[in-house]
file work-v7.cif (mmCIF, C-alpha atoms)
data_structure
#
loop_
_atom_site.label_atom_id
_atom_site.label_comp_id
_atom_site.auth_asym_id
_atom_site.auth_seq_id
_atom_site.Cartn_x
_atom_site.Cartn_y
_atom_site.Cartn_z
CA MET A 125 9.23 -8.76 19.07
CA SER A 126 8.51 -6.87 15.88
CA THR A 127 9.49 -7.79 12.33
CA PRO A 128 12.77 -6.16 11.15
CA ALA A 129 12.18 -3.36 8.63
CA LEU A 130 13.97 -5.11 5.75
CA HIS A 131 12.00 -8.30 6.31
CA ALA A 132 8.75 -6.32 6.32
CA ALA A 133 9.79 -4.67 3.03
CA ARG A 134 10.63 -8.09 1.58
CA LEU A 135 7.15 -9.33 2.54
CA VAL A 136 5.57 -6.39 0.71
CA LEU A 137 7.72 -7.11 -2.35
CA MET A 138 6.86 -10.83 -2.32
CA ARG A 139 3.17 -10.08 -1.83
CA ASP A 140 3.06 -7.74 -4.83
CA LEU A 141 4.95 -10.21 -7.03
CA ARG A 142 2.61 -13.02 -6.02
CA LEU A 143 -0.44 -10.86 -6.70
CA ALA A 144 0.95 -9.91 -10.12
CA VAL A 145 1.34 -13.56 -11.03
CA ARG A 146 -2.33 -14.09 -10.19
CA GLN A 147 -3.56 -10.90 -11.88
CA ARG A 148 -1.63 -11.19 -15.13
CA GLY A 149 -3.71 -8.55 -16.92
CA GLN A 150 -2.12 -5.58 -15.19
CA PHE A 151 1.35 -7.00 -15.73
CA VAL A 152 0.89 -7.85 -19.42
CA GLN A 153 -0.89 -4.61 -20.43
CA PRO A 154 2.20 -2.32 -20.57
CA LEU A 155 4.20 -4.99 -22.40
CA ALA A 156 1.48 -5.42 -25.01
CA PHE A 157 1.29 -1.63 -25.40
CA PHE A 158 5.07 -1.45 -25.92
CA ALA A 159 5.02 -4.26 -28.47
CA ILE A 160 2.13 -2.73 -30.42
CA VAL A 161 3.62 0.77 -30.55
CA THR A 162 7.05 -0.43 -31.70
CA MET A 163 5.46 -2.71 -34.32
CA LEU A 164 3.29 0.07 -35.72
CA PHE A 165 6.26 2.24 -36.72
CA PRO A 166 7.62 -0.09 -39.45
CA LEU A 167 4.08 -0.31 -40.82
CA SER A 168 3.46 3.43 -40.79
CA ILE A 169 6.84 4.80 -41.90
CA SER A 170 8.74 2.33 -44.05
CA PRO A 171 9.90 -1.26 -43.81
CA GLU A 172 13.35 -0.09 -44.87
CA LEU A 173 15.68 -1.06 -42.00
CA ALA A 174 18.20 1.73 -42.58
CA ARG A 175 15.46 4.33 -42.19
CA LEU A 176 13.94 2.62 -39.15
CA ARG A 177 17.38 2.35 -37.52
CA GLU A 178 17.62 6.16 -37.60
CA ILE A 179 14.55 6.55 -35.42
CA ALA A 180 14.83 3.30 -33.41
CA ALA A 181 16.20 4.89 -30.23
CA GLY A 182 13.41 7.47 -30.10
CA VAL A 183 10.70 4.92 -30.86
CA LEU A 184 11.93 2.48 -28.23
CA TRP A 185 12.21 5.16 -25.54
CA VAL A 186 8.91 6.89 -26.18
CA ALA A 187 7.15 3.50 -26.20
CA ALA A 188 8.96 2.43 -22.99
CA LEU A 189 8.12 5.74 -21.28
CA LEU A 190 4.43 5.57 -22.17
CA ALA A 191 4.17 1.88 -21.28
CA SER A 192 5.78 2.59 -17.95
CA LEU A 193 3.36 5.46 -17.28
CA LEU A 194 0.43 3.23 -18.20
CA ALA A 195 1.20 0.89 -15.32
CA LEU A 196 1.83 3.62 -12.74
CA GLU A 197 -1.83 4.27 -12.01
CA PHE A 198 -2.09 0.81 -10.45
CA LEU A 199 0.92 1.24 -8.17
CA PHE A 200 -1.01 2.26 -5.01
CA ARG A 201 -4.62 2.33 -6.21
CA ASP A 202 -5.80 -1.13 -5.16
CA ASP A 203 -3.96 -0.93 -1.83
CA ALA A 204 -5.59 2.42 -1.13
CA HIS A 205 -9.08 1.12 -1.94
CA ASP A 206 -8.95 -2.02 0.17
CA GLY A 207 -7.27 -0.45 3.23
CA THR A 208 -3.89 -2.14 2.78
CA LEU A 209 -2.10 1.24 2.69
CA GLU A 210 -3.69 2.12 6.04
CA GLN A 211 -2.32 -1.09 7.48
CA TYR A 212 1.14 -0.23 6.10
CA ALA A 213 0.95 3.18 7.75
CA LEU A 214 -0.13 1.59 11.06
CA SER A 215 2.27 -1.35 10.97
CA GLY A 216 4.89 0.36 13.09
CA GLN A 217 7.31 -0.12 10.18
CA SER A 218 8.97 2.62 8.17
CA LEU A 219 6.47 3.57 5.45
CA THR A 220 9.44 4.69 3.33
CA TRP A 221 10.82 1.15 3.21
CA LEU A 222 7.41 -0.31 2.42
CA VAL A 223 6.83 2.21 -0.39
CA PHE A 224 10.31 1.47 -1.73
CA ALA A 225 9.45 -2.25 -1.75
CA LYS A 226 6.24 -1.57 -3.68
CA THR A 227 8.11 0.61 -6.18
CA THR A 228 10.74 -2.09 -6.62
CA ALA A 229 8.01 -4.64 -7.30
CA HIS A 230 6.50 -2.27 -9.86
CA TRP A 231 9.86 -1.91 -11.62
CA LEU A 232 10.46 -5.69 -11.57
CA LEU A 233 7.03 -6.23 -13.11
CA THR A 234 7.13 -3.49 -15.76
CA GLY A 235 10.62 -2.02 -16.22
CA VAL A 236 12.62 -5.25 -16.27
CA PRO A 237 10.23 -7.05 -18.69
CA LEU A 238 10.27 -3.94 -20.92
CA ALA A 239 14.08 -3.93 -20.89
CA LEU A 240 14.13 -7.63 -21.80
CA MET A 241 11.54 -7.17 -24.51
CA ALA A 242 13.16 -4.08 -26.03
CA PRO A 243 15.90 -5.98 -27.93
CA LEU A 244 13.21 -7.92 -29.83
CA ALA A 245 11.53 -4.66 -30.78
CA GLY A 246 14.97 -3.23 -31.60
CA VAL A 247 15.74 -6.03 -34.03
CA SER A 248 12.45 -5.37 -35.83
CA LEU A 249 13.57 -1.73 -36.13
CA GLY A 250 16.89 -2.69 -37.72
CA VAL A 251 19.10 -2.34 -34.63
CA PRO A 252 22.31 -4.38 -35.03
CA TYR A 253 22.79 -7.26 -32.57
CA ALA A 254 25.98 -5.68 -31.22
CA ALA A 255 23.93 -2.70 -30.03
CA LEU A 256 21.42 -4.74 -28.00
CA PRO A 257 23.22 -4.29 -24.64
CA GLY A 258 22.94 -0.56 -25.36
CA ILE A 259 19.18 -1.01 -25.35
CA ILE A 260 18.78 -3.28 -22.33
CA ALA A 261 20.96 -1.42 -19.81
CA PRO A 262 19.61 2.14 -20.38
CA ILE A 263 15.98 0.98 -20.49
CA ALA A 264 16.43 -1.07 -17.29
CA LEU A 265 17.97 1.93 -15.50
CA GLY A 266 15.61 4.45 -17.06
CA THR A 267 12.48 2.53 -16.12
CA LEU A 268 13.77 2.26 -12.54
CA VAL A 269 13.98 6.07 -12.41
CA LEU A 270 10.53 6.32 -14.03
CA SER A 271 9.05 3.97 -11.42
CA LEU A 272 10.59 6.03 -8.62
CA ILE A 273 9.41 9.36 -10.04
CA GLY A 274 6.05 7.83 -10.85
CA ALA A 275 5.64 6.55 -7.29
CA ILE A 276 5.60 10.16 -6.08
CA GLY A 277 3.00 11.12 -8.69
CA ALA A 278 0.90 8.01 -8.02
CA ALA A 279 0.92 8.74 -4.28
CA LEU A 280 0.05 12.41 -4.79
CA THR A 281 -2.92 11.57 -7.01
CA LEU A 282 -4.30 8.77 -4.82
CA GLY A 283 -7.33 10.71 -3.73
CA VAL A 284 -8.19 11.89 -7.24
CA ARG A 285 -10.77 10.05 -9.32
CA ARG A 286 -9.61 9.05 -12.80
CA SER A 287 -6.14 10.16 -11.89
CA GLY A 288 -4.46 8.79 -15.04
CA VAL A 289 -4.23 12.08 -16.94
CA LEU A 290 -3.16 14.10 -13.91
CA LEU A 291 -0.55 11.47 -13.07
CA THR A 292 0.83 11.68 -16.61
CA LEU A 293 0.93 15.49 -16.48
CA LEU A 294 2.75 15.38 -13.14
CA THR A 295 5.23 12.71 -14.12
CA LEU A 296 6.09 13.54 -17.73
CA PRO A 297 8.05 16.76 -17.10
CA LEU A 298 10.14 15.01 -14.44
CA ALA A 299 10.70 12.09 -16.80
CA MET A 300 12.17 14.22 -19.60
CA PRO A 301 15.82 13.93 -18.49
CA VAL A 302 15.40 10.15 -18.42
CA LEU A 303 13.99 10.17 -21.94
CA ILE A 304 16.73 12.47 -23.26
CA PHE A 305 19.71 10.63 -21.77
CA GLY A 306 18.18 7.18 -22.25
CA ALA A 307 17.46 7.77 -25.94
CA GLN A 308 20.93 9.23 -26.34
CA ALA A 309 22.54 6.14 -24.77
CA THR A 310 20.57 3.83 -27.07
CA ASP A 311 21.30 5.97 -30.13
CA LEU A 312 25.04 5.95 -29.39
CA ALA A 313 24.93 2.17 -28.96
CA ILE A 314 23.17 1.77 -32.33
CA ARG A 315 25.87 3.91 -33.95
CA GLY A 316 28.56 1.71 -32.39
CA VAL A 317 29.93 4.49 -30.14
CA SER A 318 30.50 4.26 -26.37
CA PHE A 319 27.29 5.02 -24.50
CA ALA A 320 28.94 5.14 -21.07
CA ALA A 321 28.42 8.89 -20.45
CA PRO A 322 24.59 8.97 -20.70
CA LEU A 323 24.46 5.63 -18.87
CA TYR A 324 26.41 7.15 -15.97
CA LEU A 325 23.95 10.04 -15.89
CA LEU A 326 21.04 7.60 -15.79
CA SER A 327 22.79 5.74 -12.98
CA ALA A 328 23.21 8.98 -11.05
CA MET A 329 19.49 9.70 -11.51
CA ALA A 330 18.69 6.20 -10.27
CA VAL A 331 20.82 6.71 -7.14
CA LEU A 332 19.15 10.06 -6.50
CA GLY A 333 15.73 8.52 -7.08
CA VAL A 334 16.34 5.55 -4.78
CA THR A 335 17.53 7.94 -2.09
CA LEU A 336 14.80 10.57 -2.25
CA ALA A 337 11.72 9.27 -4.09
CA PRO A 338 10.55 6.71 -1.48
CA LEU A 339 10.72 9.42 1.21
CA ALA A 340 8.60 11.79 -0.88
CA ALA A 341 6.18 9.06 -1.97
CA ALA A 342 5.72 7.85 1.62
CA ALA A 343 4.95 11.41 2.75
CA ALA A 344 2.42 11.74 -0.09
CA VAL A 345 0.80 8.41 0.88
CA ARG A 346 0.44 9.64 4.48
CA ILE A 347 -1.27 12.81 3.27
CA SER A 348 -3.59 10.86 1.00
CA LEU A 349 -4.69 8.62 3.88
CA GLU A 350 -6.04 11.61 5.84
CA MET B 124 6.06 -0.34 34.65
CA VAL B 125 4.01 2.32 32.82
CA ARG B 126 0.30 1.52 32.96
CA ARG B 127 -1.28 1.18 29.53
CA SER B 128 -3.86 3.84 28.84
CA LEU B 129 -5.19 5.82 25.92
CA GLN B 130 -6.45 9.34 26.43
CA ALA B 131 -7.72 11.97 24.06
CA GLU B 132 -7.85 15.61 25.09
CA GLY B 133 -9.96 18.21 23.32
CA LEU B 134 -9.95 16.65 19.85
CA GLN B 135 -11.20 19.10 17.24
CA LEU B 136 -11.40 17.84 13.68
CA TRP B 137 -12.74 19.73 10.69
CA ARG B 138 -13.33 18.37 7.22
CA GLY B 139 -14.01 21.39 5.03
CA GLU B 140 -16.98 23.19 6.60
CA ARG B 141 -17.94 20.19 8.68
CA HIS B 142 -16.96 20.08 12.34
CA VAL B 143 -16.52 16.31 12.64
CA LEU B 144 -15.11 16.10 16.16
CA ALA B 145 -16.02 18.94 18.48
CA GLY B 146 -13.86 18.76 21.57
CA ILE B 147 -13.76 15.03 22.26
CA ASP B 148 -12.22 13.93 25.56
CA LEU B 149 -11.92 10.28 26.46
CA GLY B 150 -9.81 7.92 28.48
CA VAL B 151 -9.49 4.14 28.45
CA GLY B 152 -7.30 2.13 30.77
CA ALA B 153 -5.99 -1.43 30.81
CA GLY B 154 -8.80 -3.99 30.78
CA GLU B 155 -11.37 -1.39 29.74
CA MET B 156 -13.55 -1.04 26.71
CA LEU B 157 -15.17 2.02 25.18
CA GLN B 158 -18.06 1.65 22.75
CA VAL B 159 -18.42 4.64 20.44
CA THR B 160 -21.96 5.04 19.21
CA GLY B 161 -23.81 7.57 17.10
CA ALA B 162 -25.78 7.99 13.92
CA ASN B 163 -24.26 7.55 10.46
CA GLY B 164 -21.92 10.44 9.77
CA SER B 165 -21.51 11.35 13.43
CA GLY B 166 -17.74 10.87 13.22
CA LYS B 167 -17.20 7.40 14.74
CA THR B 168 -14.77 6.30 12.02
CA SER B 169 -13.05 9.70 12.03
CA LEU B 170 -12.57 9.40 15.80
CA LEU B 171 -10.97 5.96 15.47
CA ARG B 172 -8.76 7.16 12.60
CA THR B 173 -7.74 10.19 14.64
CA LEU B 174 -6.95 8.07 17.69
CA CYS B 175 -4.69 5.80 15.67
CA GLY B 176 -2.91 8.70 13.97
CA LEU B 177 -4.26 8.33 10.43
CA MET B 178 -6.04 11.69 10.71
CA HIS B 179 -4.57 14.75 12.34
CA PRO B 180 -6.89 16.86 14.48
CA GLU B 181 -6.77 20.65 14.20
CA GLU B 182 -6.62 20.80 17.99
CA GLY B 183 -6.15 18.39 20.85
CA ARG B 184 -3.86 15.44 21.35
CA VAL B 185 -3.85 11.70 21.87
CA LEU B 186 -1.80 10.21 24.69
CA TRP B 187 -0.62 6.61 25.01
CA ALA B 188 0.67 5.68 28.46
CA GLY B 189 0.77 9.39 29.26
CA ARG B 190 2.90 10.41 26.23
CA ASP B 191 1.74 12.30 23.18
CA VAL B 192 1.60 9.69 20.41
CA GLN B 193 3.01 12.20 17.90
CA GLU B 194 6.35 12.01 19.72
CA ASP B 195 6.89 8.49 18.40
CA LEU B 196 4.13 7.36 16.04
CA PRO B 197 5.78 4.10 14.87
CA ALA B 198 6.19 2.98 18.50
CA PHE B 199 2.52 3.79 19.17
CA HIS B 200 1.43 2.00 16.00
CA SER B 201 3.28 -1.14 17.07
CA GLN B 202 1.01 -1.15 20.14
CA LEU B 203 -2.29 -1.02 18.26
CA VAL B 204 -4.30 -2.85 15.67
CA TYR B 205 -6.95 -1.02 13.66
CA LEU B 206 -9.70 -2.81 11.79
CA GLY B 207 -11.73 -0.59 9.49
CA HIS B 208 -15.12 -1.06 7.81
CA GLU B 209 -13.73 -3.32 5.11
CA PRO B 210 -11.08 -5.92 5.94
CA PRO B 211 -7.85 -5.16 4.02
CA LEU B 212 -7.69 -8.56 2.36
CA LYS B 213 -6.47 -9.26 -1.15
CA ALA B 214 -9.03 -11.18 -3.16
CA ASP B 215 -6.42 -13.11 -5.15
CA LEU B 216 -4.55 -14.37 -2.11
CA THR B 217 -5.72 -17.11 0.23
CA ALA B 218 -6.82 -16.27 3.76
CA ARG B 219 -3.57 -17.76 5.06
CA GLU B 220 -1.42 -15.75 2.63
CA ASN B 221 -3.23 -12.56 3.57
CA LEU B 222 -2.47 -13.14 7.24
CA GLN B 223 1.11 -14.10 6.44
CA TYR B 224 1.71 -10.72 4.76
CA TRP B 225 -0.54 -8.50 6.88
CA VAL B 226 0.47 -9.77 10.31
CA GLY B 227 3.95 -10.93 9.27
CA MET B 228 4.83 -7.34 8.49
CA ARG B 229 4.30 -6.49 12.16
CA ARG B 230 5.65 -9.55 13.95
CA PRO B 231 7.31 -12.84 13.01
CA LEU B 232 4.61 -15.42 12.44
CA SER B 233 4.84 -19.20 12.04
CA ALA B 234 2.51 -21.27 9.88
CA ALA B 235 1.27 -23.00 13.05
CA ALA B 236 0.38 -19.63 14.60
CA ILE B 237 -1.65 -18.70 11.50
CA THR B 238 -3.45 -22.04 11.63
CA ALA B 239 -4.21 -21.54 15.32
CA GLY B 240 -5.46 -17.99 14.66
CA LEU B 241 -7.74 -19.12 11.85
CA GLU B 242 -9.12 -21.97 13.94
CA ARG B 243 -9.76 -19.66 16.88
CA VAL B 244 -12.13 -17.58 14.77
CA GLY B 245 -13.73 -20.61 13.13
CA ALA B 246 -11.99 -19.99 9.81
CA GLY B 247 -9.71 -23.04 9.80
CA ALA B 248 -11.70 -24.75 7.06
CA TRP B 249 -11.23 -22.02 4.48
CA GLY B 250 -7.68 -20.91 5.20
CA GLU B 251 -6.44 -22.17 1.85
CA GLN B 252 -9.28 -20.65 -0.16
CA ALA B 253 -8.81 -17.50 -2.21
CA VAL B 254 -10.45 -14.60 -0.40
CA ARG B 255 -12.51 -13.78 -3.50
CA THR B 256 -14.46 -17.00 -2.89
CA LEU B 257 -15.36 -16.11 0.72
CA SER B 258 -18.53 -14.46 1.93
CA ALA B 259 -18.45 -11.07 3.69
CA GLY B 260 -18.84 -12.79 7.07
CA GLN B 261 -16.03 -15.24 6.34
CA LYS B 262 -13.75 -12.36 5.33
CA ARG B 263 -14.62 -10.63 8.60
CA ARG B 264 -13.56 -13.72 10.53
CA VAL B 265 -10.23 -13.78 8.69
CA ALA B 266 -9.76 -10.12 9.61
CA LEU B 267 -10.53 -10.96 13.25
CA ALA B 268 -7.85 -13.65 13.06
CA ALA B 269 -5.42 -10.91 11.99
CA VAL B 270 -6.49 -8.76 14.94
CA ILE B 271 -5.72 -11.47 17.49
CA LEU B 272 -2.51 -12.56 15.72
CA CYS B 273 -1.16 -9.00 15.84
CA ALA B 274 -1.11 -9.42 19.64
CA ALA B 275 -1.36 -5.67 20.18
CA PRO B 276 -2.56 -4.29 23.53
CA LEU B 277 -4.83 -1.68 21.92
CA TRP B 278 -7.65 -2.65 19.57
CA LEU B 279 -9.47 -0.01 17.54
CA LEU B 280 -12.37 -1.71 15.82
CA ASP B 281 -14.83 -0.14 13.40
CA GLU B 282 -18.08 -2.11 13.36
CA PRO B 283 -16.30 -5.38 14.21
CA ALA B 284 -19.48 -7.48 14.04
CA THR B 285 -20.60 -6.28 10.60
CA HIS B 286 -21.63 -9.12 8.25
CA LEU B 287 -21.34 -11.70 11.05
CA ASP B 288 -24.06 -14.17 11.98
CA GLY B 289 -25.14 -14.73 15.60
CA ASP B 290 -22.27 -17.12 16.26
CA GLY B 291 -19.82 -14.64 14.76
CA GLN B 292 -21.15 -11.81 16.91
CA ARG B 293 -20.71 -13.92 20.04
CA LEU B 294 -17.19 -14.70 18.82
CA VAL B 295 -16.40 -10.97 18.66
CA GLY B 296 -17.69 -10.61 22.25
CA ARG B 297 -15.51 -13.53 23.40
CA LEU B 298 -12.40 -12.18 21.70
CA ILE B 299 -12.93 -8.77 23.27
CA ASP B 300 -13.48 -10.36 26.70
CA GLU B 301 -10.18 -12.24 26.33
CA GLN B 302 -8.38 -9.09 25.21
CA LEU B 303 -9.70 -7.16 28.22
CA ALA B 304 -8.91 -10.03 30.61
CA SER B 305 -5.29 -9.94 29.41
CA GLY B 306 -5.04 -6.23 30.24
CA GLY B 307 -5.71 -4.98 26.73
CA LEU B 308 -7.80 -1.98 25.72
CA VAL B 309 -10.61 -1.93 23.19
CA ILE B 310 -12.31 1.01 21.50
CA ALA B 311 -15.05 -0.04 19.12
CA ALA B 312 -17.37 1.99 16.94
CA VAL B 313 -20.70 0.18 16.99
CA HIS B 314 -24.32 0.58 15.96
CA GLN B 315 -25.56 -2.10 18.31
CA ASP B 316 -24.06 -3.38 21.54
CA LEU B 317 -21.49 -6.12 21.22
CA ALA B 318 -21.97 -9.37 23.14
CA VAL B 319 -19.28 -8.48 25.68
CA LYS B 320 -19.53 -10.04 29.14
CA SER B 321 -16.81 -7.95 30.80
CA ALA B 322 -18.25 -5.55 33.33
CA GLY B 323 -19.61 -2.32 31.97
CA PRO B 324 -18.14 -1.35 28.62
CA ARG B 325 -18.23 2.45 28.68
CA ARG B 326 -20.05 4.39 26.04
CA LEU B 327 -19.33 7.57 24.11
CA GLU B 328 -22.23 8.93 22.10
CA LEU B 329 -21.32 11.13 19.15
CA SER B 330 -23.86 13.44 17.63
CA THR B 331 -24.07 14.60 14.03
CA ALA B 332 -22.66 18.10 13.62
#

call {"tool": "encode", "arguments": {"input": "work-v7.cif", "output": "structure tokens"}}
result
Amino acid sequence: MSTPALHAARLVLMRDLRLAVRQRGQFVQPLAFFAIVTMLFPLSISPELARLREIAAGVLWVAALLASLLALEFLFRDDAHDGTLEQYALSGQSLTWLVFAKTTAHWLLTGVPLALMAPLAGVSLGVPYAALPGIIAPIALGTLVLSLIGAIGAALTLGVRRSGVLLTLLTLPLAMPVLIFGAQATDLAIRGVSFAAPLYLLSAMAVLGVTLAPLAAAAAVRISLE
Amino acid sequence: MVRRSLQAEGLQLWRGERHVLAGIDLGVGAGEMLQVTGANGSGKTSLLRTLCGLMHPEEGRVLWAGRDVQEDLPAFHSQLVYLGHEPPLKADLTARENLQYWVGMRRPLSAAAITAGLERVGAGAWGEQAVRTLSAGQKRRVALAAVILCAAPLWLLDEPATHLDGDGQRLVGRLIDEQLASGGLVIAAVHQDLAVKSAGPRRLELSTA
């Protein structure tokens, strides 16, 4: 009797979360990067909150995008080096589900902490408390899409040495809609206007990403294993 | 009942300008073992990876129980276990946790089964240790525990006795004997003969292209 596909995916998710707890460096690095970038803006532009508020949405989103990209390189790299990806491909399970589980773990370990940390950075940029939900929800959704898009790039660049730059070049153009609509949602929230429309667009991107990205990433992983 | 067998017909594999596999034909039936030998770079690992479907040959096909494995790769993969040069173990997990995730992904596995598997390969004492603290030979034993716990009829082993001491090498021979006695099939890439007692493991010598 073989393990059901969803249970196998859950095992992959649990394994990655457990590993992240024991290798805190990889998990903390993007968060530290995000915190540093958002803290540098008040120092370099002006401590005046009204002025910082004007650029807060852009600062938060660019920092979240770059922090998210920073962690992508690690998504499949270790598993490719130690042969774990080969075992996934030979497990008799759907590689798409297993890749989806890995991507979900990546989002839980980078996107969700970034979304939870963003309000703190927002407050330091003069964002009113009422607008904080308008930061958390779009960044949580946006980073999910970034993880899904990034999984394709990370899988495609698996065989490339020092793939970080190539991965960024591959992923950034695809991430632009996320940046545009995410920053717009946060900006509208800061201005006290409904941010539902860009949030719906981000949700649609997330649905599309969840549906298609694991399939593409799994195909890319298979090619990279050759 | 379909008799278990693995056959390869006319495998041709190129990597760039290099002709890695030049028309390989082989056949292994239930209870049989094939030892693949050859110098470094002769294509032993590539052959094993091609047989298990990780690499796609330019020509030729692999048949499991008479059917082309490409017709249903996941079903074929559920029938095999592949152990490469380096055991796919995570350094920050314990030996037991590694088996729980690696083997558990393929088949439901109880804690008692993991304990039994570890003890069978003489790794019971270090099951709770992080893999980063184990020697290369100890890691190999944990990987062998995974191989037997997968309970797959077809074993594809790449240098299974690497890093093992004399006792460990005899252990590999015993495990293979038990696998063959239960009707399993073993294909192993080796540099030196394994301590297998089963009658006449067959040999395939690969030459460097």

call {"tool": "residues_around", "arguments": {"input": "work-v7.cif", "residues": "region 158-171 of chain A", "least_positions_apart": "4", "cutoff": "12 Å", "atoms": "only C-alpha atoms", "output": "PyMOL selection string"}}
result
chain A and resi 152-154+175-195+234-235+237-250

call {"tool": "residues_around", "arguments": {"input": "work-v7.cif", "residues": "Ser348 (chain A)", "least_positions_apart": "5", "cutoff": "10 Å", "atoms": "only C-alpha atoms", "output": "NGL selection string"}}
result
(:A and (204 or 209 or 279-284 or 342-343)) or (:B and (177))

call {"tool": "write_last_selection", "arguments": {"input": "work-v7.cif", "atoms": "C-alpha atoms", "output": "short mmCIF file (atom, residue, chain, number, x, y, z; two decimals), in the coordinates of the input"}}
result
data_model
loop_
_atom_site.label_atom_id
_atom_site.label_comp_id
_atom_site.auth_asym_id
_atom_site.auth_seq_id
_atom_site.Cartn_x
_atom_site.Cartn_y
_atom_site.Cartn_z
CA ALA A 204 -5.59 2.42 -1.13
CA LEU A 209 -2.10 1.24 2.69
CA ALA A 279 0.92 8.74 -4.28
CA LEU A 280 0.05 12.41 -4.79
CA THR A 281 -2.92 11.57 -7.01
CA LEU A 282 -4.30 8.77 -4.82
CA GLY A 283 -7.33 10.71 -3.73
CA VAL A 284 -8.19 11.89 -7.24
CA ALA A 342 5.72 7.85 1.62
CA ALA A 343 4.95 11.41 2.75
CA LEU B 177 -4.26 8.33 10.43
#

call {"tool": "closest_atom_pairs", "arguments": {"input": "work-v7.cif", "of": "chain B", "to": "chain A", "cutoff": "10 Å", "atoms": "all atoms listed in the file", "output": "Markdown table"}}
result
| residue | atom | partner | partner_atom | distance |
| --- | --- | --- | --- | --- |
| B:Ser169 | CA | A:Glu350 | CA | 9.5 |
| B:Arg172 | CA | A:Glu350 | CA | 8.5 |
| B:Thr173 | CA | A:Glu350 | CA | 9.1 |
| B:Cys175 | CA | A:Leu214 | CA | 7.7 |
| B:Gly176 | CA | A:Leu214 | CA | 8.2 |
| B:Leu177 | CA | A:Glu350 | CA | 5.9 |
| B:Met178 | CA | A:Glu350 | CA | 4.9 |
| B:His179 | CA | A:Glu350 | CA | 7.4 |
| B:Asp195 | CA | A:Gly216 | CA | 9.9 |
| B:Leu196 | CA | A:Gly216 | CA | 7.6 |
| B:Pro197 | CA | A:Gly216 | CA | 4.2 |
| B:Ala198 | CA | A:Gly216 | CA | 6.2 |
| B:Phe199 | CA | A:Gly216 | CA | 7.4 |
| B:His200 | CA | A:Gly216 | CA | 4.8 |
| B:Ser201 | CA | A:Gly216 | CA | 4.5 |
| B:Gln202 | CA | A:Gly216 | CA | 8.2 |
| B:Leu203 | CA | A:Leu214 | CA | 8.0 |
| B:Val204 | CA | A:Leu214 | CA | 7.6 |
| B:Tyr205 | CA | A:Gln211 | CA | 7.7 |
| B:Leu206 | CA | A:Gln211 | CA | 8.7 |
| B:Gly207 | CA | A:Gly207 | CA | 7.7 |
| B:His208 | CA | A:Gly207 | CA | 9.1 |
| B:Glu209 | CA | A:Asp206 | CA | 7.0 |
| B:Pro210 | CA | A:Gly207 | CA | 7.2 |
| B:Pro211 | CA | A:Gly207 | CA | 4.8 |
| B:Leu212 | CA | A:Asp206 | CA | 7.0 |
| B:Lys213 | CA | A:Asp206 | CA | 7.8 |
| B:Ala214 | CA | A:Leu143 | CA | 9.3 |
| B:Asp215 | CA | A:Arg146 | CA | 6.6 |
| B:Leu216 | CA | A:Leu143 | CA | 7.1 |
| B:Glu220 | CA | A:Arg139 | CA | 8.6 |
| B:Asn221 | CA | A:Arg139 | CA | 8.7 |
| B:Gln223 | CA | A:Leu135 | CA | 8.6 |
| B:Tyr224 | CA | A:Leu135 | CA | 6.0 |
| B:Trp225 | CA | A:Gln211 | CA | 7.6 |
| B:Val226 | CA | A:Ser215 | CA | 8.6 |
| B:Gly227 | CA | A:Thr127 | CA | 7.1 |
| B:Met228 | CA | A:Ala132 | CA | 4.6 |
| B:Arg229 | CA | A:Thr127 | CA | 5.4 |
| B:Arg230 | CA | A:Ser126 | CA | 4.4 |
| B:Pro231 | CA | A:Thr127 | CA | 5.5 |
| B:Leu232 | CA | A:Thr127 | CA | 9.1 |
| B:Cys273 | CA | A:Ser215 | CA | 9.7 |

call {"tool": "resolve_selection", "arguments": {"input": "work-v7.cif", "expression": "the PyMOL selection byres ((chain A and resi 309-323) around 6)", "output": "ChimeraX atom specification"}}
result
/A:181,255,258-259,305-308,324-326

call {"tool": "atom_distance", "arguments": {"input": "work-v7.cif", "atom1": "CA of Leu233 (chain A)", "atom2": "CA of Gly250 (chain B)"}}
result
27.7 Å

call {"tool": "atom_distance", "arguments": {"input": "work-v7.cif", "atom1": "CA of Ala268 (chain B)", "atom2": "CA of Pro324 (chain B)"}}
result
22.3 Å

call {"tool": "atom_distance", "arguments": {"input": "work-v7.cif", "atom1": "CA of Ala328 (chain A)", "atom2": "CA of Tyr253 (chain A)"}}
result
27.0 Å

call {"tool": "resolve_selection", "arguments": {"input": "work-v7.cif", "expression": "the PyMOL selection byres ((chain B and resi 313) around 7)", "output": "VMD selection string"}}
result
chain B and resid 158 to 160 281 to 282 311 to 312 314 to 316

call {"tool": "resolve_selection", "arguments": {"input": "work-v7.cif", "expression": "the PyMOL selection byres ((chain B and resi 137-139) around 10)", "output": "NGL selection string"}}
result
:B and (135-136 or 140-145 or 169 or 179-182)

call {"tool": "write_last_selection", "arguments": {"input": "work-v7.cif", "atoms": "C-alpha atoms", "output": "mmCIF file, in the coordinates of the input"}}
result
data_model
loop_
_atom_site.group_PDB
_atom_site.id
_atom_site.type_symbol
_atom_site.label_atom_id
_atom_site.label_comp_id
_atom_site.auth_asym_id
_atom_site.auth_seq_id
_atom_site.Cartn_x
_atom_site.Cartn_y
_atom_site.Cartn_z
ATOM 1 C CA GLN B 135 -11.200 19.100 17.240
ATOM 2 C CA LEU B 136 -11.400 17.840 13.680
ATOM 3 C CA GLU B 140 -16.980 23.190 6.600
ATOM 4 C CA ARG B 141 -17.940 20.190 8.680
ATOM 5 C CA HIS B 142 -16.960 20.080 12.340
ATOM 6 C CA VAL B 143 -16.520 16.310 12.640
ATOM 7 C CA LEU B 144 -15.110 16.100 16.160
ATOM 8 C CA ALA B 145 -16.020 18.940 18.480
ATOM 9 C CA SER B 169 -13.050 9.700 12.030
ATOM 10 C CA HIS B 179 -4.570 14.750 12.340
ATOM 11 C CA PRO B 180 -6.890 16.860 14.480
ATOM 12 C CA GLU B 181 -6.770 20.650 14.200
ATOM 13 C CA GLU B 182 -6.620 20.800 17.990
#
